[in-house]
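Peer 1: For reference, the file start.json (JSON, C-alpha atoms) is included below:
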```json
[["chain", "number", "residue", "atom", "x", "y", "z"],
["A", 1, "MET", "CA", 53.73, 37.40, -61.60],
["A", 2, "PRO", "CA", 57.10, 38.78, -62.88],
["A", 3, "TYR", "CA", 55.28, 41.62, -64.65],
["A", 4, "ILE", "CA", 53.50, 42.52, -61.44],
["A", 5, "ILE", "CA", 56.85, 42.62, -59.62],
["A", 6, "LEU", "CA", 58.29, 44.83, -62.36],
["A", 7, "ILE", "CA", 55.38, 47.26, -62.11],
["A", 8, "LEU", "CA", 55.70, 47.29, -58.32],
["A", 9, "CYS", "CA", 59.41, 48.10, -58.60],
["A", 10, "LEU", "CA", 58.64, 51.00, -60.94],
["A", 11, "ALA", "CA", 55.97, 52.20, -58.52],
["A", 12, "ALA", "CA", 58.41, 51.96, -55.61],
["A", 13, "ALA", "CA", 61.04, 53.93, -57.58],
["A", 14, "THR", "CA", 58.45, 56.61, -58.35],
["A", 15, "ALA", "CA", 57.46, 56.79, -54.68],
["A", 16, "LEU", "CA", 61.11, 57.18, -53.66],
["A", 17, "GLN", "CA", 61.41, 60.01, -56.17],
["A", 18, "PHE", "CA", 58.57, 61.91, -54.49],
["A", 19, "LEU", "CA", 59.81, 61.13, -50.97],
["A", 20, "THR", "CA", 63.54, 61.83, -51.40],
["A", 21, "GLY", "CA", 63.53, 64.27, -54.33],
["A", 22, "GLY", "CA", 66.01, 62.36, -56.46],
["A", 23, "PHE", "CA", 68.64, 59.64, -56.55],
["A", 24, "PRO", "CA", 71.84, 60.51, -54.58],
["A", 25, "VAL", "CA", 74.19, 60.18, -57.55],
["A", 26, "ARG", "CA", 77.22, 61.81, -55.91],
["A", 27, "PHE", "CA", 77.08, 59.38, -52.99],
["A", 28, "PHE", "CA", 78.05, 56.55, -55.35],
["A", 29, "ALA", "CA", 81.22, 58.17, -56.69],
["A", 30, "PHE", "CA", 84.41, 56.13, -57.15],
["A", 31, "PRO", "CA", 85.27, 53.65, -55.73],
["A", 32, "LEU", "CA", 81.75, 52.80, -54.51],
["A", 33, "ASN", "CA", 80.24, 52.75, -58.00],
["A", 34, "LEU", "CA", 82.97, 50.40, -59.25],
["A", 35, "ILE", "CA", 82.50, 48.06, -56.26],
["A", 36, "ILE", "CA", 78.73, 47.90, -56.76],
["A", 37, "ALA", "CA", 79.16, 47.35, -60.52],
["A", 38, "LEU", "CA", 81.51, 44.41, -59.91],
["A", 39, "LEU", "CA", 79.12, 42.97, -57.30],
["A", 40, "TRP", "CA", 76.23, 43.31, -59.77],
["A", 41, "ILE", "CA", 78.19, 41.46, -62.48],
["A", 42, "TYR", "CA", 79.18, 38.74, -60.01],
["A", 43, "ALA", "CA", 75.58, 38.31, -58.83],
["A", 44, "MET", "CA", 74.24, 38.03, -62.40],
["A", 45, "LEU", "CA", 76.93, 35.50, -63.36],
["A", 46, "PHE", "CA", 76.16, 33.49, -60.22],
["A", 47, "LEU", "CA", 72.46, 33.39, -61.12],
["A", 48, "TRP", "CA", 73.30, 32.38, -64.69],
["A", 49, "ASN", "CA", 75.59, 29.55, -63.61],
["A", 50, "ASN", "CA", 73.61, 28.26, -60.62],
["A", 51, "ARG", "CA", 69.98, 29.48, -60.87],
["A", 52, "ARG", "CA", 69.29, 29.39, -64.59],
["A", 53, "LYS", "CA", 65.84, 27.87, -64.10],
["A", 54, "SER", "CA", 64.79, 30.45, -61.51],
["A", 55, "MET", "CA", 61.85, 32.76, -62.19],
["A", 56, "PHE", "CA", 64.17, 35.78, -62.22],
["A", 57, "VAL", "CA", 66.49, 34.47, -64.93],
["A", 58, "GLU", "CA", 63.67, 33.05, -67.05],
["A", 59, "PHE", "CA", 61.85, 36.36, -66.92],
["A", 60, "MET", "CA", 64.97, 38.33, -67.88],
["A", 61, "LEU", "CA", 65.33, 36.07, -70.92],
["A", 62, "SER", "CA", 61.69, 36.36, -71.94],
["A", 63, "ARG", "CA", 60.42, 38.38, -74.88],
["A", 64, "GLY", "CA", 58.28, 40.49, -72.59],
["A", 65, "ALA", "CA", 61.26, 41.51, -70.46],
["A", 66, "THR", "CA", 63.13, 42.61, -73.57],
["A", 67, "VAL", "CA", 60.17, 44.65, -74.83],
["A", 68, "TRP", "CA", 59.77, 46.35, -71.44],
["A", 69, "ALA", "CA", 63.50, 47.12, -71.29],
["A", 70, "ILE", "CA", 63.54, 48.69, -74.77],
["A", 71, "VAL", "CA", 60.34, 50.66, -74.16],
["A", 72, "LEU", "CA", 61.63, 52.12, -70.89],
["A", 73, "PHE", "CA", 65.02, 52.89, -72.43],
["A", 74, "LEU", "CA", 63.45, 54.72, -75.38],
["A", 75, "LEU", "CA", 60.89, 56.46, -73.19],
["A", 76, "PHE", "CA", 63.47, 58.05, -70.92],
["A", 77, "GLY", "CA", 65.66, 58.88, -73.90],
["A", 78, "LEU", "CA", 62.80, 60.67, -75.65],
["A", 79, "VAL", "CA", 61.83, 62.55, -72.50],
["A", 80, "MET", "CA", 65.36, 63.89, -72.04],
["A", 81, "GLY", "CA", 65.83, 64.53, -75.76],
["A", 82, "VAL", "CA", 62.55, 66.38, -76.30],
["A", 83, "THR", "CA", 62.32, 68.32, -73.04],
["A", 84, "GLY", "CA", 66.05, 68.82, -72.45],
["A", 85, "ILE", "CA", 65.56, 68.12, -68.73],
["A", 86, "ARG", "CA", 68.83, 66.43, -67.80],
["A", 87, "SER", "CA", 67.77, 65.96, -64.18],
["A", 88, "VAL", "CA", 65.66, 63.02, -65.33],
["A", 89, "ALA", "CA", 68.90, 61.01, -65.31],
["A", 90, "GLN", "CA", 69.10, 61.54, -61.53],
["A", 91, "SER", "CA", 65.65, 60.14, -60.77],
["A", 92, "TRP", "CA", 64.91, 56.81, -59.10],
["A", 93, "PRO", "CA", 62.73, 55.50, -62.00],
["A", 94, "PHE", "CA", 65.53, 56.25, -64.47],
["A", 95, "VAL", "CA", 68.13, 54.45, -62.34],
["A", 96, "PHE", "CA", 65.86, 51.42, -62.00],
["A", 97, "ALA", "CA", 65.05, 51.39, -65.73],
["A", 98, "MET", "CA", 68.72, 51.57, -66.77],
["A", 99, "LEU", "CA", 69.78, 48.85, -64.33],
["A", 100, "TYR", "CA", 66.91, 46.68, -65.55],
["A", 101, "PHE", "CA", 67.92, 47.31, -69.18],
["A", 102, "GLN", "CA", 71.51, 46.29, -68.49],
["A", 103, "THR", "CA", 70.43, 43.16, -66.62],
["A", 104, "VAL", "CA", 68.23, 41.98, -69.50],
["A", 105, "LEU", "CA", 71.00, 42.75, -72.00],
["A", 106, "LEU", "CA", 73.61, 40.86, -69.96],
["A", 107, "PHE", "CA", 71.48, 37.72, -69.72],
["A", 108, "VAL", "CA", 70.66, 37.87, -73.43],
["A", 109, "LEU", "CA", 74.39, 38.13, -74.15],
["A", 110, "LEU", "CA", 75.19, 35.18, -71.88],
["A", 111, "ARG", "CA", 72.56, 33.04, -73.57],
["A", 112, "GLY", "CA", 73.31, 33.90, -77.18],
["A", 113, "TRP", "CA", 77.04, 34.42, -77.55],
["A", 114, "ARG", "CA", 77.47, 30.92, -79.02],
["A", 115, "VAL", "CA", 75.43, 29.07, -81.64],
["A", 116, "PRO", "CA", 73.33, 26.33, -79.93],
["A", 117, "THR", "CA", 74.28, 22.76, -80.83],
["A", 118, "ALA", "CA", 71.86, 19.98, -81.70],
["A", 119, "THR", "CA", 72.27, 18.48, -78.22],
["A", 120, "GLY", "CA", 71.47, 21.77, -76.52],
["A", 121, "ALA", "CA", 75.00, 22.26, -75.22],
["A", 122, "ARG", "CA", 76.42, 25.76, -75.56],
["A", 123, "LEU", "CA", 79.55, 24.66, -77.39],
["A", 124, "GLY", "CA", 78.86, 26.02, -80.86],
["A", 125, "SER", "CA", 80.85, 28.64, -82.72],
["A", 126, "VAL", "CA", 81.02, 32.19, -81.43],
["A", 127, "ARG", "CA", 78.43, 34.55, -82.94],
["A", 128, "TRP", "CA", 80.77, 37.48, -83.44],
["A", 129, "ARG", "CA", 78.22, 39.90, -84.90],
["A", 130, "PHE", "CA", 75.86, 39.19, -82.00],
["A", 131, "VAL", "CA", 78.64, 39.53, -79.42],
["A", 132, "LEU", "CA", 80.07, 42.77, -80.84],
["A", 133, "ASN", "CA", 76.68, 44.47, -81.13],
["A", 134, "HIS", "CA", 75.29, 43.41, -77.76],
["A", 135, "LEU", "CA", 78.56, 43.79, -75.85],
["A", 136, "GLY", "CA", 79.06, 47.21, -77.45],
["A", 137, "ILE", "CA", 75.62, 48.40, -76.35],
["A", 138, "LEU", "CA", 76.13, 46.99, -72.86],
["A", 139, "LEU", "CA", 79.56, 48.62, -72.51],
["A", 140, "ALA", "CA", 78.39, 52.01, -73.78],
["A", 141, "VAL", "CA", 75.27, 52.13, -71.61],
["A", 142, "SER", "CA", 77.00, 50.70, -68.53],
["A", 143, "SER", "CA", 79.88, 53.17, -68.77],
["A", 144, "ALA", "CA", 77.48, 56.11, -68.88],
["A", 145, "PHE", "CA", 75.36, 54.65, -66.07],
["A", 146, "TRP", "CA", 78.05, 53.58, -63.61],
["A", 147, "GLY", "CA", 80.31, 56.50, -64.48],
["A", 148, "ALA", "CA", 77.66, 59.19, -63.88],
["A", 149, "PRO", "CA", 78.71, 59.79, -60.23],
["A", 150, "ASP", "CA", 82.26, 60.56, -61.38],
["A", 151, "SER", "CA", 81.24, 62.90, -64.21],
["A", 152, "GLU", "CA", 80.94, 66.60, -63.54],
["A", 153, "THR", "CA", 81.36, 70.00, -65.18],
["A", 154, "LEU", "CA", 83.14, 72.88, -63.46],
["A", 155, "ARG", "CA", 83.81, 76.46, -64.45],
["A", 156, "VAL", "CA", 86.64, 78.67, -63.27],
["A", 157, "ARG", "CA", 87.53, 82.29, -63.95],
["A", 158, "ALA", "CA", 91.20, 82.67, -64.92],
["A", 159, "SER", "CA", 92.44, 86.23, -64.43],
["A", 160, "LYS", "CA", 95.72, 87.89, -65.33],
["A", 161, "GLY", "CA", 98.22, 87.92, -62.50],
["A", 162, "VAL", "CA", 95.83, 86.22, -60.04],
["A", 163, "PRO", "CA", 96.15, 82.41, -59.76],
["A", 164, "ALA", "CA", 92.75, 80.82, -59.12],
["A", 165, "LYS", "CA", 91.79, 77.50, -57.55],
["A", 166, "GLU", "CA", 88.10, 78.13, -56.90],
["A", 167, "ALA", "CA", 85.77, 76.48, -59.40],
["A", 168, "VAL", "CA", 81.98, 76.33, -59.48],
["A", 169, "ARG", "CA", 79.86, 73.28, -60.26],
["A", 170, "MET", "CA", 76.73, 73.51, -62.39],
["A", 171, "ASP", "CA", 74.58, 73.42, -59.25],
["A", 172, "GLY", "CA", 76.38, 76.48, -57.88],
["A", 173, "SER", "CA", 78.48, 74.71, -55.26],
["A", 174, "VAL", "CA", 82.17, 75.58, -54.90],
["A", 175, "TYR", "CA", 84.99, 73.13, -55.61],
["A", 176, "TRP", "CA", 88.65, 73.79, -54.86],
["A", 177, "LEU", "CA", 90.93, 72.63, -57.65],
["A", 178, "PRO", "CA", 94.12, 70.68, -56.85],
["A", 179, "TYR", "CA", 95.99, 73.05, -59.20],
["A", 180, "GLU", "CA", 96.08, 76.76, -59.99],
["A", 181, "VAL", "CA", 95.03, 78.41, -63.27],
["A", 182, "GLU", "CA", 96.04, 81.87, -64.40],
["A", 183, "LEU", "CA", 95.49, 83.82, -67.62],
["A", 184, "GLU", "CA", 98.80, 84.77, -69.22],
["A", 185, "ASP", "CA", 97.75, 86.17, -72.60],
["A", 186, "PHE", "CA", 94.65, 86.45, -74.78],
["A", 187, "SER", "CA", 94.37, 86.99, -78.55],
["A", 188, "MET", "CA", 91.35, 87.37, -80.78],
["A", 189, "ASP", "CA", 90.54, 87.70, -84.49],
["A", 190, "VAL", "CA", 87.39, 89.57, -85.51],
["A", 191, "TYR", "CA", 85.26, 89.98, -88.63],
["A", 192, "GLU", "CA", 84.79, 93.37, -90.30],
["A", 193, "ASN", "CA", 81.68, 94.00, -88.19],
["A", 194, "GLY", "CA", 83.64, 93.41, -84.98],
["A", 195, "THR", "CA", 82.24, 89.96, -84.23],
["A", 196, "PRO", "CA", 84.91, 87.55, -82.92],
["A", 197, "SER", "CA", 85.88, 84.92, -85.49],
["A", 198, "MET", "CA", 88.45, 83.14, -83.32],
["A", 199, "TYR", "CA", 90.02, 83.62, -79.94],
["A", 200, "GLU", "CA", 92.58, 81.77, -77.90],
["A", 201, "ALA", "CA", 94.03, 82.05, -74.41],
["A", 202, "SER", "CA", 97.43, 81.22, -73.02],
["A", 203, "VAL", "CA", 96.95, 80.04, -69.46],
["A", 204, "LEU", "CA", 99.24, 78.74, -66.77],
["A", 205, "ILE", "CA", 98.31, 75.52, -65.00],
["A", 206, "ASP", "CA", 100.61, 75.31, -62.00],
["A", 207, "ASP", "CA", 103.06, 77.49, -63.97],
["A", 208, "VAL", "CA", 102.89, 75.18, -67.00],
["A", 209, "PRO", "CA", 101.92, 77.19, -70.14],
["A", 210, "VAL", "CA", 98.94, 75.87, -72.10],
["A", 211, "THR", "CA", 97.24, 77.35, -75.18],
["A", 212, "LEU", "CA", 93.46, 76.95, -75.41],
["A", 213, "ARG", "CA", 91.16, 77.56, -78.35],
["A", 214, "VAL", "CA", 87.43, 77.08, -78.70],
["A", 215, "ASN", "CA", 86.57, 73.39, -79.19],
["A", 216, "HIS", "CA", 90.24, 72.45, -78.75],
["A", 217, "PRO", "CA", 90.46, 71.17, -75.16],
["A", 218, "TYR", "CA", 93.59, 70.45, -73.19],
["A", 219, "GLN", "CA", 93.76, 67.13, -71.35],
["A", 220, "ILE", "CA", 94.74, 67.85, -67.76],
["A", 221, "SER", "CA", 94.68, 64.23, -66.67],
["A", 222, "PHE", "CA", 92.95, 60.94, -67.46],
["A", 223, "GLY", "CA", 89.31, 61.75, -68.24],
["A", 224, "GLU", "CA", 89.66, 65.46, -67.37],
["A", 225, "ASP", "CA", 89.64, 68.08, -70.14],
["A", 226, "LEU", "CA", 89.95, 71.87, -70.00],
["A", 227, "TYR", "CA", 87.94, 74.03, -72.43],
["A", 228, "LEU", "CA", 87.93, 77.73, -73.24],
["A", 229, "VAL", "CA", 84.28, 78.84, -73.22],
["A", 230, "GLY", "CA", 84.27, 82.62, -72.70],
["A", 231, "TYR", "CA", 86.13, 85.83, -71.89],
["A", 232, "ASP", "CA", 85.71, 89.36, -70.56],
["A", 233, "MET", "CA", 83.55, 90.89, -73.31],
["A", 234, "TYR", "CA", 83.23, 94.27, -71.60],
["A", 235, "SER", "CA", 86.92, 95.14, -71.45],
["A", 236, "ALA", "CA", 87.99, 98.06, -73.65],
["A", 237, "GLY", "CA", 91.36, 96.46, -74.40],
["A", 238, "ASP", "CA", 92.61, 92.93, -74.00],
["A", 239, "PRO", "CA", 90.31, 90.83, -71.78],
["A", 240, "ASP", "CA", 91.37, 90.71, -68.14],
["A", 241, "TYR", "CA", 89.99, 87.21, -67.64],
["A", 242, "CYS", "CA", 88.63, 84.18, -69.47],
["A", 243, "ILE", "CA", 86.14, 81.50, -68.49],
["A", 244, "LEU", "CA", 87.43, 77.94, -68.48],
["A", 245, "GLN", "CA", 85.32, 74.81, -68.28],
["A", 246, "ILE", "CA", 86.59, 71.57, -66.75],
["A", 247, "VAL", "CA", 84.82, 68.41, -67.90],
["A", 248, "ARG", "CA", 85.49, 65.24, -65.96],
["A", 249, "GLU", "CA", 84.43, 61.99, -67.65],
["A", 250, "PRO", "CA", 86.81, 59.21, -66.52],
["A", 251, "TRP", "CA", 84.43, 56.54, -67.86],
["A", 252, "LYS", "CA", 84.25, 57.93, -71.38],
["A", 253, "TYR", "CA", 86.92, 55.58, -72.73],
["A", 254, "PRO", "CA", 84.94, 52.37, -72.02],
["A", 255, "ALA", "CA", 81.93, 54.11, -73.61],
["A", 256, "VAL", "CA", 83.99, 54.88, -76.72],
["A", 257, "ALA", "CA", 85.17, 51.25, -76.78],
["A", 258, "GLY", "CA", 81.52, 50.16, -76.70],
["A", 259, "ILE", "CA", 80.70, 52.41, -79.66],
["A", 260, "VAL", "CA", 83.67, 50.98, -81.58],
["A", 261, "LEU", "CA", 82.43, 47.43, -80.89],
["A", 262, "MET", "CA", 78.98, 48.34, -82.20],
["A", 263, "LEU", "CA", 80.51, 49.80, -85.37],
["A", 264, "MET", "CA", 82.53, 46.62, -85.88],
["A", 265, "GLY", "CA", 79.38, 44.53, -85.39],
["A", 266, "ALA", "CA", 77.53, 46.73, -87.90],
["A", 267, "LEU", "CA", 80.32, 46.27, -90.46],
["A", 268, "LEU", "CA", 80.16, 42.48, -90.01]]
```
Could I get this structure in the form of structure tokens?

Peer 2:
Amino acid sequence: MPYIILILCLAAATALQFLTGGFPVRFFAFPLNLIIALLWIYAMLFLWNNRRKSMFVEFMLSRGATVWAIVLFLLFGLVMGVTGIRSVAQSWPFVFAMLYFQTVLLFVLLRGWRVPTATGARLGSVRWRFVLNHLGILLAVSSAFWGAPDSETLRVRASKGVPAKEAVRMDGSVYWLPYEVELEDFSMDVYENGTPSMYEASVLIDDVPVTLRVNHPYQISFGEDLYLVGYDMYSAGDPDYCILQIVREPWKYPAVAGIVLMLMGALL
């Protein structure tokens, strides 16, 4: 019966994908995503403490549920990795599969974080390797999942003498920045054949001077980094503008913490 329900849920998610055209990721931006995440954790803890013998909890702790969770996780990962279609992460089946994966992982963590005693009571010693590995995976995956609505990439053209606030999202929509950017100076080193070997831009962010180089971002605020990604290649002299990329990932720090926990578990 639980497997039938799981298949029906996947079928329903697929049907929603065809009917709506995709999961409304942006609708669940902060603080709604954080509220729902906390409600999800509370609901799972309530089921663990009060409904441990229910069909739902027993299924989530079964071997079959774990196999399904891993298979779906790997399947979507392979699809995005091989095809490069990032929009898969905004589909209803993907959202269901990732939430299902996290639910199974959370219940497995709740069950196994201590060594069982002979009487069956969960009062044994803490299994630190188990906790670090499983908690690390859960934290890394959950941060990427719940933080997706708050993550976005913007591009802005910074010109000399013209402060700009208009940025463009990857889908082509316009976003007005809460600050101004302006190109102050641009320098470039080239090889003998004229190919650029290194270039950097001095830009003003609300009149604050900042130097940008390729792959050396400037942190504007918590979880928001500014990159230099291009310049005016058709100018006869010094470029009149440069292309800046703003990457917002406020949930990246919990994800990094999860990776660190997994590394510690691997070392143990």

Peer 1: Find the nearest atom pair between each residue of range 37-79 of chain A and range 90-94 of chain A for residues within 12 Å, count only C-alpha atoms, give distances in Å to one decimal, sort rows by chain and ascending number, and present the table as a tab-separated table.

Peer 2:
```
residue	atom	partner	partner_atom	distance
A:Ala69	CA	A:Phe94	CA	11.6
A:Leu72	CA	A:Phe94	CA	8.6
A:Phe73	CA	A:Phe94	CA	8.7
A:Leu74	CA	A:Phe94	CA	11.2
A:Leu75	CA	A:Phe94	CA	9.9
A:Phe76	CA	A:Phe94	CA	7.0
A:Gly77	CA	A:Phe94	CA	9.8
A:Val79	CA	A:Phe94	CA	10.9
```

Peer 1: Under the rule of at most 9 Å, produce a per-residue listing of range 197-229 of chain A near range 154-178 of chain A: chain, number, name, the closest pair of atoms, and the distance in Å, as JSON lines, using all atoms listed in the file.

Peer 2:
```
{"residue": "A:Val203", "atom": "CA", "partner": "A:Ala158", "partner_atom": "CA", "distance": 7.8}
{"residue": "A:Leu204", "atom": "CA", "partner": "A:Pro163", "partner_atom": "CA", "distance": 8.5}
{"residue": "A:Ile205", "atom": "CA", "partner": "A:Pro163", "partner_atom": "CA", "distance": 8.9}
{"residue": "A:Asp206", "atom": "CA", "partner": "A:Pro163", "partner_atom": "CA", "distance": 8.7}
```

Peer 1: Just checking: using all atoms listed in the file, which residue out of A:Pro196, A:Gly230, A:Gly136, A:Gly22 ends up closest to Gln245 in chain A?

Peer 2: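 The answer is A:Gly230, which sits nearest to Gln245 in chain A.
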
Peer 1: Env of range 137-153 of chain A: 10 Å cut, atoms = all atoms listed in the file, seq-sep filter 2 positions within chain, self excluded. Answer as a PyMOL selection string.

Peer 2: chain A and resi 24-34+36-37+89-90+95+98-99+101-106+109+131-135+155+167-171+223-225+245-262

Peer 1: Output C-alpha atoms of each residue in that selection to a file, as a compact mmCIF listing (two decimals), keeping the file's coordinate frame.

Peer 2:
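The resulting file, result_32.txt, is shown below:
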```txt
# COMPACT_ATOMS: atom_id res chain seq x y z
CA PRO A 24 71.84 60.51 -54.58
CA VAL A 25 74.19 60.18 -57.55
CA ARG A 26 77.22 61.81 -55.91
CA PHE A 27 77.08 59.38 -52.99
CA PHE A 28 78.05 56.55 -55.35
CA ALA A 29 81.22 58.17 -56.69
CA PHE A 30 84.41 56.13 -57.15
CA PRO A 31 85.27 53.65 -55.73
CA LEU A 32 81.75 52.80 -54.51
CA ASN A 33 80.24 52.75 -58.00
CA LEU A 34 82.97 50.40 -59.25
CA ILE A 36 78.73 47.90 -56.76
CA ALA A 37 79.16 47.35 -60.52
CA ALA A 89 68.90 61.01 -65.31
CA GLN A 90 69.10 61.54 -61.53
CA VAL A 95 68.13 54.45 -62.34
CA MET A 98 68.72 51.57 -66.77
CA LEU A 99 69.78 48.85 -64.33
CA PHE A 101 67.92 47.31 -69.18
CA GLN A 102 71.51 46.29 -68.49
CA THR A 103 70.43 43.16 -66.62
CA VAL A 104 68.23 41.98 -69.50
CA LEU A 105 71.00 42.75 -72.00
CA LEU A 106 73.61 40.86 -69.96
CA LEU A 109 74.39 38.13 -74.15
CA VAL A 131 78.64 39.53 -79.42
CA LEU A 132 80.07 42.77 -80.84
CA ASN A 133 76.68 44.47 -81.13
CA HIS A 134 75.29 43.41 -77.76
CA LEU A 135 78.56 43.79 -75.85
CA ARG A 155 83.81 76.46 -64.45
CA ALA A 167 85.77 76.48 -59.40
CA VAL A 168 81.98 76.33 -59.48
CA ARG A 169 79.86 73.28 -60.26
CA MET A 170 76.73 73.51 -62.39
CA ASP A 171 74.58 73.42 -59.25
CA GLY A 223 89.31 61.75 -68.24
CA GLU A 224 89.66 65.46 -67.37
CA ASP A 225 89.64 68.08 -70.14
CA GLN A 245 85.32 74.81 -68.28
CA ILE A 246 86.59 71.57 -66.75
CA VAL A 247 84.82 68.41 -67.90
CA ARG A 248 85.49 65.24 -65.96
CA GLU A 249 84.43 61.99 -67.65
CA PRO A 250 86.81 59.21 -66.52
CA TRP A 251 84.43 56.54 -67.86
CA LYS A 252 84.25 57.93 -71.38
CA TYR A 253 86.92 55.58 -72.73
CA PRO A 254 84.94 52.37 -72.02
CA ALA A 255 81.93 54.11 -73.61
CA VAL A 256 83.99 54.88 -76.72
CA ALA A 257 85.17 51.25 -76.78
CA GLY A 258 81.52 50.16 -76.70
CA ILE A 259 80.70 52.41 -79.66
CA VAL A 260 83.67 50.98 -81.58
CA LEU A 261 82.43 47.43 -80.89
CA MET A 262 78.98 48.34 -82.20
```

Peer 1: Find the distance between CA of Asn193 in chain A and CA of Val214 in chain A and write it in Å to one decimal.

Peer 2: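 Taking CA of Asn193 in chain A as the start and CA of Val214 in chain A as the end point, the length is 20.2 Å.
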
Peer 1: I'd like the interatomic distance between CA of Ile5 in chain A and CA of Tyr42 in chain A, to a tenth of an Å.

Peer 2: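 Going from CA of Ile5 in chain A over to CA of Tyr42 in chain A covers 22.7 Å.
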
Peer 1: I'd like the interatomic distance between CA of Thr14 in chain A and CA of Ala97 in chain A, to a tenth of an Å.

Peer 2: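 CA of Ala97 in chain A lies 11.2 Å from CA of Thr14 in chain A.
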